[in-house]
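J.: Next comes target.cif, mmCIF, C-alpha atoms and all ligand atoms:
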data_entry
#
loop_
_atom_site.label_atom_id
_atom_site.label_comp_id
_atom_site.auth_asym_id
_atom_site.auth_seq_id
_atom_site.Cartn_x
_atom_site.Cartn_y
_atom_site.Cartn_z
CA MET A 1 -26.83 20.14 -17.34
CA ALA A 2 -26.73 16.71 -18.90
CA GLU A 3 -24.94 14.18 -16.80
CA LYS A 4 -21.38 13.26 -17.83
CA ILE A 5 -20.87 9.62 -18.66
CA ILE A 6 -17.62 7.95 -19.65
CA ILE A 7 -17.77 4.76 -21.66
CA ILE A 8 -14.64 2.70 -22.12
CA LYS A 9 -15.11 0.45 -25.12
CA ASN A 10 -13.13 -2.30 -26.83
CA ILE A 11 -11.59 -3.62 -23.63
CA GLY A 12 -9.74 -6.88 -24.34
CA SER A 13 -10.45 -8.15 -20.83
CA ILE A 14 -11.55 -6.75 -17.49
CA ILE A 15 -9.81 -8.79 -14.79
CA ASN A 16 -11.01 -8.91 -11.18
CA ILE A 17 -14.56 -7.87 -11.97
CA GLU A 18 -17.52 -8.60 -9.70
CA LYS A 19 -20.50 -9.48 -11.84
CA ASP A 20 -22.98 -9.86 -9.00
CA ASN A 21 -22.93 -6.60 -7.08
CA ARG A 22 -25.29 -7.95 -4.42
CA ARG A 23 -22.48 -10.14 -3.10
CA LEU A 24 -19.29 -8.13 -3.24
CA MET A 25 -16.03 -9.61 -1.98
CA SER A 26 -14.50 -8.07 1.08
CA LYS A 27 -11.24 -10.00 0.59
CA VAL A 28 -10.11 -13.32 -0.87
CA SER A 29 -8.33 -15.97 1.12
CA GLY A 30 -6.49 -19.17 0.31
CA GLU A 31 -6.62 -20.79 -3.11
CA ALA A 32 -9.75 -18.81 -4.08
CA SER A 33 -7.50 -15.81 -4.52
CA GLY A 34 -6.31 -17.23 -7.83
CA ASN A 35 -9.78 -17.28 -9.39
CA PRO A 36 -11.15 -13.81 -9.92
CA ASP A 37 -13.87 -13.22 -12.47
CA THR A 38 -13.00 -11.76 -15.85
CA LEU A 39 -15.04 -10.32 -18.72
CA ASP A 40 -13.67 -10.41 -22.27
CA ASN A 41 -14.48 -8.04 -25.17
CA ALA A 42 -16.06 -5.63 -22.79
CA PHE A 43 -17.18 -2.06 -22.21
CA LEU A 44 -17.42 -0.18 -18.90
CA VAL A 45 -19.63 2.75 -17.91
CA VAL A 46 -18.54 5.43 -15.42
CA GLU A 47 -21.15 7.81 -14.03
CA ASN A 48 -20.39 10.48 -11.44
CA ASN A 49 -16.93 9.03 -10.76
CA ILE A 50 -18.43 5.65 -9.93
CA ILE A 51 -18.52 2.42 -11.93
CA ALA A 52 -22.09 2.27 -13.18
CA GLY A 53 -22.14 -0.69 -15.54
CA PHE A 54 -20.29 -3.06 -17.82
CA GLY A 55 -21.01 -5.74 -20.34
CA GLU A 56 -19.84 -7.43 -23.50
CA MET A 57 -19.28 -5.23 -26.53
CA ALA A 58 -22.15 -6.97 -28.33
CA GLU A 59 -24.60 -5.57 -25.74
CA MET A 60 -23.18 -2.05 -25.67
CA GLY A 61 -25.78 -0.48 -27.98
CA SER A 62 -28.74 -1.46 -25.84
CA VAL A 63 -27.06 -0.36 -22.61
CA ILE A 64 -26.05 3.01 -24.05
CA SER A 65 -29.60 3.81 -25.12
CA GLN A 66 -30.45 4.51 -21.46
CA TYR A 67 -27.91 7.33 -21.45
CA GLU A 68 -29.45 9.09 -24.49
CA THR A 69 -29.89 12.40 -22.72
CA CYS A 70 -26.41 12.37 -21.23
CA ASP A 71 -23.15 13.82 -22.41
CA ILE A 72 -21.17 10.67 -23.27
CA GLU A 73 -17.41 10.63 -23.65
CA TYR A 74 -15.97 7.53 -25.28
CA THR A 75 -12.55 6.07 -24.64
CA ASP A 76 -11.30 3.29 -26.87
CA ALA A 77 -9.24 0.76 -24.91
CA GLY A 78 -7.91 -0.70 -28.17
CA GLY A 79 -8.11 -4.26 -26.88
CA GLY A 80 -5.99 -3.56 -23.78
CA LEU A 81 -6.67 -4.98 -20.33
CA LEU A 82 -8.63 -2.99 -17.78
CA LEU A 83 -7.57 -3.65 -14.18
CA PRO A 84 -8.62 -2.11 -10.86
CA SER A 85 -6.01 0.29 -9.53
CA PHE A 86 -3.55 -1.13 -7.05
CA CYS A 87 -4.18 -0.56 -3.34
CA ASP A 88 -0.72 -0.25 -1.81
CA SER A 89 -1.44 -0.82 1.87
CA HIS A 90 2.04 -0.22 3.31
CA THR A 91 4.35 2.68 2.46
CA HIS A 92 6.56 5.23 4.15
CA LEU A 93 6.63 7.46 1.09
CA VAL A 94 6.77 10.75 2.98
CA PHE A 95 10.43 10.95 3.92
CA PRO A 96 13.09 13.65 3.75
CA TYR A 97 15.93 12.28 1.60
CA SER A 98 17.09 9.12 -0.14
CA ARG A 99 19.69 7.00 1.73
CA GLU A 100 21.93 5.54 -0.96
CA ARG A 101 25.00 5.95 1.27
CA GLU A 102 23.59 3.22 3.54
CA PHE A 103 22.92 1.11 0.49
CA GLU A 104 26.63 1.36 -0.29
CA TYR A 105 27.50 0.46 3.32
CA ARG A 106 25.42 -2.68 2.92
CA LEU A 107 27.17 -3.50 -0.34
CA ASN A 108 30.39 -3.30 1.66
CA GLY A 109 29.14 -5.84 4.15
CA LEU A 110 27.36 -3.96 6.94
CA THR A 111 23.91 -5.25 7.94
CA TYR A 112 20.76 -3.14 8.29
CA GLU A 113 20.86 -3.73 12.06
CA GLU A 114 24.50 -2.60 12.25
CA ILE A 115 23.73 0.56 10.28
CA SER A 116 20.69 1.24 12.52
CA ALA A 117 22.73 0.68 15.69
CA LYS A 118 25.23 3.32 14.50
CA GLY A 119 22.43 5.92 14.16
CA GLY A 120 21.82 5.26 10.48
CA GLY A 121 18.57 3.91 9.11
CA ILE A 122 15.37 5.34 10.50
CA LEU A 123 17.25 7.61 12.94
CA ASN A 124 19.19 9.08 10.03
CA SER A 125 15.93 10.04 8.28
CA ALA A 126 14.57 11.47 11.54
CA LYS A 127 17.66 13.66 11.89
CA ALA A 128 17.34 14.83 8.28
CA MET A 129 13.89 16.20 9.14
CA ASP A 130 15.72 19.06 10.91
CA SER A 131 17.33 20.33 7.73
CA ILE A 132 14.41 20.20 5.31
CA SER A 133 11.26 22.29 5.06
CA ASP A 134 7.74 20.93 4.92
CA GLU A 135 7.37 22.38 1.40
CA GLU A 136 10.41 20.44 0.22
CA ILE A 137 9.14 17.18 1.73
CA LEU A 138 5.73 17.81 0.20
CA GLU A 139 7.19 18.46 -3.22
CA ALA A 140 9.38 15.34 -3.11
CA SER A 141 6.47 13.24 -1.87
CA PHE A 142 4.23 14.60 -4.59
CA LYS A 143 6.73 13.43 -7.19
CA ARG A 144 6.72 9.98 -5.60
CA ILE A 145 2.93 9.94 -5.72
CA ASN A 146 2.98 10.85 -9.41
CA GLY A 147 5.41 7.99 -9.94
CA ILE A 148 3.17 5.46 -8.26
CA ILE A 149 0.12 6.68 -10.19
CA ALA A 150 2.00 5.99 -13.42
CA THR A 151 2.59 2.43 -12.27
CA GLY A 152 -1.04 1.78 -11.44
CA THR A 153 -1.59 2.71 -7.80
CA GLY A 154 -4.88 4.39 -6.91
CA THR A 155 -4.96 3.99 -3.12
CA VAL A 156 -1.99 4.26 -0.84
CA GLU A 157 -1.34 3.99 2.87
CA ILE A 158 1.39 6.31 4.17
CA LYS A 159 3.04 6.10 7.58
CA SER A 160 4.75 8.73 9.66
CA GLY A 161 7.71 7.41 11.66
CA TYR A 162 10.57 9.58 10.45
CA GLY A 163 9.88 12.23 13.06
CA LEU A 164 10.19 10.45 16.42
CA THR A 165 9.42 13.70 18.26
CA LEU A 166 5.97 15.13 18.79
CA GLU A 167 6.64 18.10 16.57
CA LYS A 168 8.19 16.13 13.72
CA GLU A 169 5.62 13.32 13.78
CA LEU A 170 2.85 15.92 13.52
CA ARG A 171 4.69 17.62 10.65
CA LEU A 172 4.82 14.35 8.74
CA LEU A 173 1.18 13.52 9.38
CA ARG A 174 0.11 16.98 8.24
CA ILE A 175 2.13 16.56 5.05
CA ILE A 176 0.36 13.23 4.48
CA ARG A 177 -2.96 15.01 4.96
CA LYS A 178 -1.95 17.67 2.39
CA LEU A 179 -1.03 14.96 -0.09
CA ALA A 180 -4.43 13.38 0.47
CA GLU A 181 -6.09 16.71 -0.28
CA LEU A 182 -4.01 17.65 -3.30
CA SER A 183 -3.44 14.39 -5.11
CA PRO A 184 -5.94 12.25 -7.02
CA VAL A 185 -4.97 9.09 -5.13
CA THR A 186 -6.91 7.95 -2.07
CA VAL A 187 -4.68 8.13 1.00
CA ARG A 188 -4.91 6.32 4.35
CA SER A 189 -2.66 7.58 7.09
CA THR A 190 -0.85 5.65 9.82
CA PHE A 191 0.86 6.99 12.93
CA LEU A 192 4.20 5.20 13.36
CA GLY A 193 5.76 7.05 16.27
CA ALA A 194 6.94 3.60 17.45
CA HIS A 195 9.23 3.15 14.45
CA ALA A 196 12.55 3.33 16.34
CA ILE A 197 13.82 4.41 19.71
CA PRO A 198 15.62 7.77 19.40
CA ALA A 199 19.25 7.69 20.58
CA GLU A 200 18.52 9.89 23.61
CA TYR A 201 16.05 7.28 24.94
CA LYS A 202 18.18 4.18 24.25
CA SER A 203 18.76 3.72 27.97
CA ASP A 204 15.15 4.55 28.85
CA PRO A 205 12.90 3.22 26.08
CA GLU A 206 9.90 3.28 28.44
CA ARG A 207 10.15 7.06 28.52
CA TYR A 208 9.95 7.20 24.73
CA ILE A 209 6.97 4.80 24.74
CA SER A 210 5.16 7.06 27.16
CA ILE A 211 5.85 10.05 24.88
CA VAL A 212 4.34 8.07 21.99
CA THR A 213 1.28 6.97 23.93
CA GLU A 214 0.68 9.93 26.23
CA GLU A 215 1.95 12.92 24.26
CA MET A 216 1.80 12.05 20.58
CA MET A 217 -1.28 9.84 20.31
CA PRO A 218 -3.71 12.26 21.97
CA LEU A 219 -2.78 15.02 19.53
CA VAL A 220 -2.77 12.72 16.51
CA ALA A 221 -6.26 11.58 17.46
CA GLU A 222 -7.52 15.06 18.31
CA GLU A 223 -6.47 16.45 14.92
CA GLY A 224 -7.78 13.34 13.14
CA LEU A 225 -4.39 12.90 11.50
CA ALA A 226 -4.35 9.10 11.23
CA GLN A 227 -6.68 6.14 10.97
CA TYR A 228 -4.11 3.59 12.11
CA ALA A 229 -1.21 3.06 14.49
CA ASP A 230 1.73 0.87 13.58
CA VAL A 231 4.69 -0.47 15.59
CA PHE A 232 8.02 -1.87 14.36
CA CYS A 233 8.01 -4.95 16.56
CA GLU A 234 11.57 -6.24 16.28
CA LYS A 235 14.72 -6.93 18.29
CA GLY A 236 16.42 -3.60 18.96
CA PHE A 237 13.18 -1.72 18.27
CA PHE A 238 9.97 -2.59 20.20
CA SER A 239 9.34 -5.90 21.95
CA ARG A 240 6.08 -7.82 21.78
CA GLU A 241 5.09 -6.64 25.22
CA GLN A 242 5.91 -3.00 24.47
CA SER A 243 4.05 -3.25 21.16
CA GLU A 244 0.97 -4.58 22.97
CA ARG A 245 0.99 -1.66 25.36
CA ILE A 246 1.38 0.80 22.50
CA PHE A 247 -1.58 -0.78 20.72
CA ASP A 248 -3.71 -0.71 23.89
CA ALA A 249 -3.20 3.05 23.97
CA ALA A 250 -3.78 3.37 20.22
CA ILE A 251 -7.09 1.55 20.47
CA ARG A 252 -8.18 3.89 23.27
CA PHE A 253 -7.49 6.80 20.91
CA GLY A 254 -9.42 5.21 18.06
CA LEU A 255 -6.29 4.36 16.05
CA ARG A 256 -6.65 0.86 14.67
CA PRO A 257 -3.57 -1.35 14.91
CA ARG A 258 -1.35 -2.77 12.19
CA ILE A 259 2.15 -4.10 12.74
CA HIS A 260 5.62 -4.54 11.23
CA ALA A 261 6.09 -8.23 12.04
CA ASN A 262 8.81 -10.85 11.57
CA GLN A 263 11.00 -8.81 9.25
CA LEU A 264 14.37 -9.72 10.78
CA SER A 265 13.37 -12.16 13.52
CA ASP A 266 10.40 -13.79 15.23
CA CYS A 267 9.95 -11.96 18.49
CA GLY A 268 6.25 -12.62 19.04
CA ALA A 269 4.87 -9.94 16.72
CA ILE A 270 2.27 -12.31 15.32
CA ASP A 271 0.99 -13.20 18.80
CA CYS A 272 0.70 -9.46 19.34
CA ALA A 273 -1.12 -8.99 15.99
CA VAL A 274 -3.64 -11.71 16.83
CA SER A 275 -4.20 -10.69 20.43
CA LYS A 276 -4.65 -6.98 19.61
CA GLY A 277 -6.73 -7.54 16.46
CA CYS A 278 -4.28 -5.97 14.04
CA ILE A 279 -5.81 -5.47 10.59
CA SER A 280 -2.59 -6.63 9.02
CA ALA A 281 0.79 -8.07 9.94
CA ASP A 282 3.32 -6.83 7.43
CA HIS A 283 6.72 -8.14 6.21
CA LEU A 284 6.77 -11.78 7.44
CA GLU A 285 10.13 -12.65 5.94
CA VAL A 286 10.84 -14.89 8.98
CA LEU A 287 7.95 -17.33 9.22
CA ASP A 288 7.70 -21.00 10.20
CA ALA A 289 4.84 -23.42 9.63
CA GLU A 290 3.34 -22.76 13.05
CA ARG A 291 3.20 -19.02 12.43
CA ILE A 292 1.69 -19.61 9.00
CA ALA A 293 -1.07 -21.70 10.59
CA GLN A 294 -1.59 -19.04 13.25
CA LEU A 295 -2.04 -16.31 10.64
CA ALA A 296 -4.27 -18.49 8.48
CA SER A 297 -6.66 -19.16 11.35
CA SER A 298 -6.91 -15.47 12.23
CA ASP A 299 -8.47 -12.42 10.56
CA VAL A 300 -5.09 -10.71 10.28
CA ILE A 301 -4.17 -9.97 6.66
CA ALA A 302 -0.67 -11.25 5.83
CA THR A 303 0.88 -8.35 3.95
CA LEU A 304 4.00 -9.25 2.03
CA LEU A 305 6.53 -6.63 0.94
CA PRO A 306 8.60 -8.28 -1.78
CA GLY A 307 10.34 -5.02 -2.72
CA CYS A 308 11.95 -5.03 0.70
CA ALA A 309 13.10 -8.66 0.49
CA PHE A 310 14.49 -7.92 -2.98
CA PHE A 311 16.38 -4.77 -1.97
CA MET A 312 17.64 -6.26 1.31
CA ASP A 313 18.51 -9.50 -0.48
CA SER A 314 16.74 -11.45 2.26
CA ASP A 315 14.48 -14.49 2.12
CA PHE A 316 11.16 -13.79 0.47
CA PRO A 317 8.00 -14.43 2.48
CA LYS A 318 6.40 -17.80 1.84
CA ALA A 319 3.38 -16.60 -0.11
CA LYS A 320 2.46 -20.00 -1.49
CA ASP A 321 2.47 -21.67 1.93
CA LEU A 322 0.34 -18.86 3.36
CA ILE A 323 -2.13 -19.18 0.49
CA SER A 324 -2.37 -22.95 0.73
CA ALA A 325 -2.91 -22.67 4.48
CA GLY A 326 -5.90 -20.41 3.73
CA ALA A 327 -4.45 -17.03 4.77
CA THR A 328 -5.45 -13.71 3.22
CA VAL A 329 -2.36 -12.40 1.45
CA ALA A 330 -1.81 -8.81 0.34
CA ILE A 331 1.18 -7.39 -1.51
CA ALA A 332 2.41 -3.87 -0.78
CA SER A 333 5.50 -1.90 -1.74
CA ASP A 334 6.85 -0.68 1.63
CA TYR A 335 8.12 2.35 -0.36
CA ASN A 336 10.79 3.85 1.94
CA PRO A 337 14.36 5.17 1.67
CA GLY A 338 16.02 2.37 3.67
CA THR A 339 14.66 -1.00 2.67
CA SER A 340 12.47 -0.52 -0.41
CA PRO A 341 13.09 2.60 -2.44
CA SER A 342 10.35 1.85 -4.96
CA GLY A 343 6.57 2.11 -4.93
CA ASP A 344 6.14 0.40 -8.27
CA MET A 345 3.34 -2.12 -7.74
CA LEU A 346 3.83 -3.58 -11.23
CA PHE A 347 7.29 -4.61 -10.06
CA MET A 348 5.93 -5.84 -6.70
CA MET A 349 3.49 -8.06 -8.62
CA ALA A 350 6.37 -9.33 -10.74
CA LEU A 351 8.37 -10.15 -7.60
CA GLY A 352 5.27 -11.88 -6.20
CA CYS A 353 5.36 -14.18 -9.22
CA ILE A 354 9.09 -14.54 -9.87
CA LYS A 355 10.35 -14.75 -6.28
CA MET A 356 7.29 -15.93 -4.32
CA LYS A 357 5.85 -18.17 -7.07
CA MET A 358 2.39 -16.65 -6.92
CA THR A 359 0.29 -16.94 -10.05
CA PRO A 360 -0.27 -13.63 -11.86
CA LEU A 361 -3.92 -13.73 -10.77
CA GLN A 362 -2.97 -14.33 -7.12
CA ALA A 363 -0.49 -11.46 -7.30
CA LEU A 364 -3.15 -9.21 -8.81
CA MET A 365 -5.71 -10.04 -6.11
CA ALA A 366 -3.10 -9.53 -3.41
CA SER A 367 -2.31 -6.09 -4.86
CA THR A 368 -5.92 -4.99 -5.37
CA ILE A 369 -8.80 -6.41 -3.32
CA ASN A 370 -6.67 -7.67 -0.43
CA GLY A 371 -4.73 -4.40 -0.29
CA ALA A 372 -8.09 -2.62 -0.17
CA ALA A 373 -9.20 -4.96 2.63
CA ALA A 374 -6.02 -4.17 4.56
CA LEU A 375 -7.12 -0.52 4.42
CA GLU A 376 -10.78 -1.34 5.19
CA LEU A 377 -11.73 0.02 1.79
CA SER A 378 -12.85 -3.05 -0.10
CA HIS A 379 -16.42 -1.71 -0.28
CA ARG A 380 -15.09 1.13 -2.49
CA LYS A 381 -11.83 -0.11 -3.99
CA GLY A 382 -9.92 -3.15 -5.16
CA SER A 383 -12.14 -4.60 -7.90
CA ILE A 384 -14.31 -3.54 -10.82
CA ALA A 385 -17.83 -3.58 -9.43
CA ILE A 386 -20.94 -1.46 -9.83
CA GLY A 387 -21.03 1.23 -7.16
CA LYS A 388 -17.28 1.22 -6.49
CA ASP A 389 -15.02 4.18 -7.20
CA ALA A 390 -13.92 4.34 -10.84
CA ASP A 391 -10.23 3.68 -10.09
CA PHE A 392 -8.67 1.62 -12.84
CA PHE A 393 -6.03 1.54 -15.55
CA ILE A 394 -5.95 0.39 -19.13
CA THR A 395 -2.91 -1.34 -20.59
CA LYS A 396 -1.72 -1.36 -24.13
CA LYS A 397 -2.83 -4.45 -26.04
CA ILE A 398 -0.93 -7.27 -24.32
CA PRO A 399 -1.44 -11.01 -24.70
CA SER A 400 -2.60 -11.71 -21.13
CA LEU A 401 -2.22 -10.66 -17.49
CA ALA A 402 0.87 -12.88 -17.23
CA TYR A 403 2.61 -10.57 -19.69
CA ILE A 404 2.83 -7.91 -16.93
CA PRO A 405 5.08 -9.83 -14.50
CA TYR A 406 6.80 -11.53 -17.43
CA SER A 407 7.90 -8.26 -19.03
CA TYR A 408 8.92 -6.97 -15.62
CA THR A 409 10.80 -3.86 -16.65
CA GLU A 410 8.12 -2.64 -19.01
CA ASN A 411 5.25 -0.41 -17.95
CA PRO A 412 2.28 -1.48 -20.07
CA ILE A 413 -0.12 1.10 -18.59
CA GLU A 414 -1.50 3.54 -21.15
CA ARG A 415 -4.34 5.30 -19.37
CA VAL A 416 -5.15 5.84 -15.72
CA PHE A 417 -8.54 6.80 -14.27
CA LEU A 418 -8.91 7.73 -10.61
CA LYS A 419 -12.31 8.56 -9.15
CA GLY A 420 -13.59 8.65 -12.71
CA LYS A 421 -11.13 11.22 -14.01
CA GLU A 422 -8.38 10.50 -16.45
CA ILE A 423 -4.98 11.30 -14.97
CA ARG A 424 -2.16 12.28 -17.29
CA THR A 425 0.97 10.38 -16.38
CA ASN A 426 4.49 10.59 -17.78
CA ASN A 427 4.11 7.18 -19.26
CA ILE A 428 1.77 8.36 -22.01
O1 LIG B 501 9.30 -1.37 6.62
N1 LIG B 501 11.01 -1.99 9.17
C1 LIG B 501 10.83 -0.86 9.48
N2 LIG B 501 10.56 0.17 8.67
C2 LIG B 501 10.85 0.21 7.28
C3 LIG B 501 12.23 0.65 7.01
C4 LIG B 501 12.40 2.06 7.29
C5 LIG B 501 13.74 2.63 6.93
O2 LIG B 501 14.76 1.94 6.92
O3 LIG B 501 13.72 3.82 6.62
C6 LIG B 501 10.47 -1.08 6.63
O4 LIG B 501 11.30 -1.83 6.11
FE FE B 502 7.52 -0.66 6.48
#
Let me see the structure of the file written as structure tokens.
T.:
Amino acid sequence: MAEKIIIIKNIGSIINIEKDNRRLMSKVSGEASGNPDTLDNAFLVVENNIIAGFGEMAEMGSVISQYETCDIEYTDAGGGLLLPSFCDSHTHLVFPYSREREFEYRLNGLTYEEISAKGGGILNSAKAMDSISDEEILEASFKRINGIIATGTGTVEIKSGYGLTLEKELRLLRIIRKLAELSPVTVRSTFLGAHAIPAEYKSDPERYISIVTEEMMPLVAEEGLAQYADVFCEKGFFSREQSERIFDAAIRFGLRPRIHANQLSDCGAIDCAVSKGCISADHLEVLDAERIAQLASSDVIATLLPGCAFFMDSDFPKAKDLISAGATVAIASDYNPGTSPSGDMLFMMALGCIKMKMTPLQALMASTINGAAALELSHRKGSIAIGKDADFFITKKIPSLAYIPYSYTENPIERVFLKGKEIRTNNI
């Protein structure tokens, strides 16, 4: 059978394209992150779900002649932008129920820590796991995935962490695996047994840590349920020293470390990230100049979660200072029921610009190539390059990239392609 080729023509601009595929980016750091390549008046060729070529419209005829014997399907981009799909490298999108009651408590003056200390927060979600079936969680999570596809996400990391018992953590990780099998997005999975200390271990946290490291991790690794291990390193949750021990065990089980760091306080999470070789340190709302320099001189990707700072009404991470110090900055949604009930990466990009003063190009690179790097997928994802997966979206005809964060409640995405297949979304 003739090979199936998709040609997208009349693209106003492809942004974050790699023209020389012999030297692909693995990530972009510092000020360079504001200078991706672009190609105007372009076409793009997809062959076998992979990006196979691109060029200016004027050259399209000669390039197409090589596909004479193939079955070509044309898509007219109508002058819209073509962007690589977002790589959302930090979410908790598999959770039982929304938690708007706690949102109301916060509006009435309680803090997140106070709500957590009373058994709300993460412990509340863990309790809710007892009154919901796996099918119901799967269905709700599937809807969330469809929502994030419509707002441009093609790759997503999902953490467990609402189980906090062996049985419930495995349930969550198996649901994540099902989502990975059934949905067109690419999923990376993270074991977050060390998300909170269950009430029954409050007086003996070491016992819970040994359950995480000696009972949960071996089974997670044996079933191949996660690529990463994460720890919520924070006062009232896990200390730096406890986090380091949890990561030592994780590494022994082949689970690579990433960390929730400096969300509410600085308790040494960044020292832990650097010493244990965490791929990313995520949150970073509480960050002084010394910590910025420490991150910038390390390989740890600084992953900022502006949706969380927005929803919690806290200080936003200092993206500009991190970038000027030379750090690698990613943006992710932190989609979760407690601190960021949205996985909309278009909005995260807008917050990156409006609240963290990133340029639209910096926010795009943080949400694409650097998100891919934070998931060790930048060889396949995160930019438009020959040989990479055909994960991209096409916008309606808009004046420029800046229009996306500028018109921050509008979804300009018209067509979504993941692994070379067009995905129908509600937005169309
Ligand atoms: O990233 N900080 C820890 N974990 C989540 C919140 C989880 C929850 O409240 O359900 C976060 O903000
Ligand atoms: Fe988180």
J.: Using CA of Lys4 (chain A) and CA of Asn48 (chain A) as the two end points, give the distance in Å to one decimal.
T.: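 For CA of Lys4 (chain A) relative to CA of Asn48 (chain A), the distance reads 7.0 Å.
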J.: Pick the closest to Ala32 (chain A) from A:Glu139, A:Glu59, A:Ile413, A:Ala325: which is it, counting only C-alpha atoms?
T.: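 Going through A:Glu139, A:Glu59, A:Ile413, A:Ala325 one by one, the smallest distance to Ala32 (chain A) is for A:Ala325.
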J.: Which residues are near Val231 (chain A)? Cut-off 10 Å, all atoms listed in the file, ignore same chain within fewer than 3 positions. Put them as an mmCIF file with C-alpha atoms, in the frame of the given file.
T.:
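After the write, part20.cif holds the following:
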data_model
loop_
_atom_site.group_PDB
_atom_site.id
_atom_site.type_symbol
_atom_site.label_atom_id
_atom_site.label_comp_id
_atom_site.auth_asym_id
_atom_site.auth_seq_id
_atom_site.Cartn_x
_atom_site.Cartn_y
_atom_site.Cartn_z
ATOM 1 C CA GLY A 161 7.710 7.410 11.660
ATOM 2 C CA PHE A 191 0.860 6.990 12.930
ATOM 3 C CA LEU A 192 4.200 5.200 13.360
ATOM 4 C CA GLY A 193 5.760 7.050 16.270
ATOM 5 C CA ALA A 194 6.940 3.600 17.450
ATOM 6 C CA HIS A 195 9.230 3.150 14.450
ATOM 7 C CA ALA A 196 12.550 3.330 16.340
ATOM 8 C CA GLU A 234 11.570 -6.240 16.280
ATOM 9 C CA PHE A 237 13.180 -1.720 18.270
ATOM 10 C CA PHE A 238 9.970 -2.590 20.200
ATOM 11 C CA SER A 239 9.340 -5.900 21.950
ATOM 12 C CA ARG A 240 6.080 -7.820 21.780
ATOM 13 C CA GLN A 242 5.910 -3.000 24.470
ATOM 14 C CA SER A 243 4.050 -3.250 21.160
ATOM 15 C CA GLU A 244 0.970 -4.580 22.970
ATOM 16 C CA ILE A 246 1.380 0.800 22.500
ATOM 17 C CA PHE A 247 -1.580 -0.780 20.720
ATOM 18 C CA PRO A 257 -3.570 -1.350 14.910
ATOM 19 C CA ARG A 258 -1.350 -2.770 12.190
ATOM 20 C CA ILE A 259 2.150 -4.100 12.740
ATOM 21 C CA HIS A 260 5.620 -4.540 11.230
ATOM 22 C CA ALA A 261 6.090 -8.230 12.040
ATOM 23 C CA ALA A 269 4.870 -9.940 16.720
#
J.: If I wrap all listed atoms of ligand LIG 501 (chain B) in a box with edges along x, y and z and add 4 Å on each side, what are its centre and edge lengths in Å to one decimal, as lines of an AutoDock Vina configuration file?
T.:
center_x = 12.0
center_y = 0.9
center_z = 7.8
size_x = 13.5
size_y = 13.8
size_z = 11.4
J.: With 7 Å as the cut-off and all atoms listed in the file counted, what is the closest atom pair between each nearby residue of chain A and ligand FE 502 (chain B)? Distances in Å to one decimal, ordered by chain and number, as a Markdown table.
T.:
| residue | atom | partner | partner_atom | distance |
| --- | --- | --- | --- | --- |
| A:His90 | CA | B:FE502 | FE | 6.3 |
| A:Thr91 | CA | B:FE502 | FE | 6.1 |
| A:His92 | CA | B:FE502 | FE | 6.4 |
| A:His260 | CA | B:FE502 | FE | 6.4 |
| A:Asp334 | CA | B:FE502 | FE | 4.9 |
J.: Go through the chains and note each residue within 7 Å of ligand LIG 501 (chain B), using only C-alpha atoms and all ligand atoms, then give the set as a VMD selection string.
T.: chain A and resid 121 to 122 125 195 232 260 263 308 334 336 to 340
J.: Just how far from CA of Leu418 (chain A) is CA of Ala327 (chain A), in Å to one decimal?
T.: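 So the answer is 29.5 Å.
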J.: Is there a way to get, as a PDB file with C-alpha atoms, in the frame of the given file, all residues within 12 Å of the point (25.1, -3.1, 2.9) in file coordinates, counting only C-alpha atoms?
T.:
ATOM      1  CA  ARG A  99      19.690   7.000   1.730  1.00  0.00           C
ATOM      2  CA  GLU A 100      21.930   5.540  -0.960  1.00  0.00           C
ATOM      3  CA  ARG A 101      25.000   5.950   1.270  1.00  0.00           C
ATOM      4  CA  GLU A 102      23.590   3.220   3.540  1.00  0.00           C
ATOM      5  CA  PHE A 103      22.920   1.110   0.490  1.00  0.00           C
ATOM      6  CA  GLU A 104      26.630   1.360  -0.290  1.00  0.00           C
ATOM      7  CA  TYR A 105      27.500   0.460   3.320  1.00  0.00           C
ATOM      8  CA  ARG A 106      25.420  -2.680   2.920  1.00  0.00           C
ATOM      9  CA  LEU A 107      27.170  -3.500  -0.340  1.00  0.00           C
ATOM     10  CA  ASN A 108      30.390  -3.300   1.660  1.00  0.00           C
ATOM     11  CA  GLY A 109      29.140  -5.840   4.150  1.00  0.00           C
ATOM     12  CA  LEU A 110      27.360  -3.960   6.940  1.00  0.00           C
ATOM     13  CA  THR A 111      23.910  -5.250   7.940  1.00  0.00           C
ATOM     14  CA  TYR A 112      20.760  -3.140   8.290  1.00  0.00           C
ATOM     15  CA  GLU A 113      20.860  -3.730  12.060  1.00  0.00           C
ATOM     16  CA  GLU A 114      24.500  -2.600  12.250  1.00  0.00           C
ATOM     17  CA  ILE A 115      23.730   0.560  10.280  1.00  0.00           C
ATOM     18  CA  SER A 116      20.690   1.240  12.520  1.00  0.00           C
ATOM     19  CA  GLY A 120      21.820   5.260  10.480  1.00  0.00           C
ATOM     20  CA  GLY A 121      18.570   3.910   9.110  1.00  0.00           C
ATOM     21  CA  PHE A 311      16.380  -4.770  -1.970  1.00  0.00           C
ATOM     22  CA  MET A 312      17.640  -6.260   1.310  1.00  0.00           C
ATOM     23  CA  ASP A 313      18.510  -9.500  -0.480  1.00  0.00           C
ATOM     24  CA  SER A 314      16.740 -11.450   2.260  1.00  0.00           C
ATOM     25  CA  GLY A 338      16.020   2.370   3.670  1.00  0.00           C
ATOM     26  CA  THR A 339      14.660  -1.000   2.670  1.00  0.00           C
TER      27      THR A 339
END
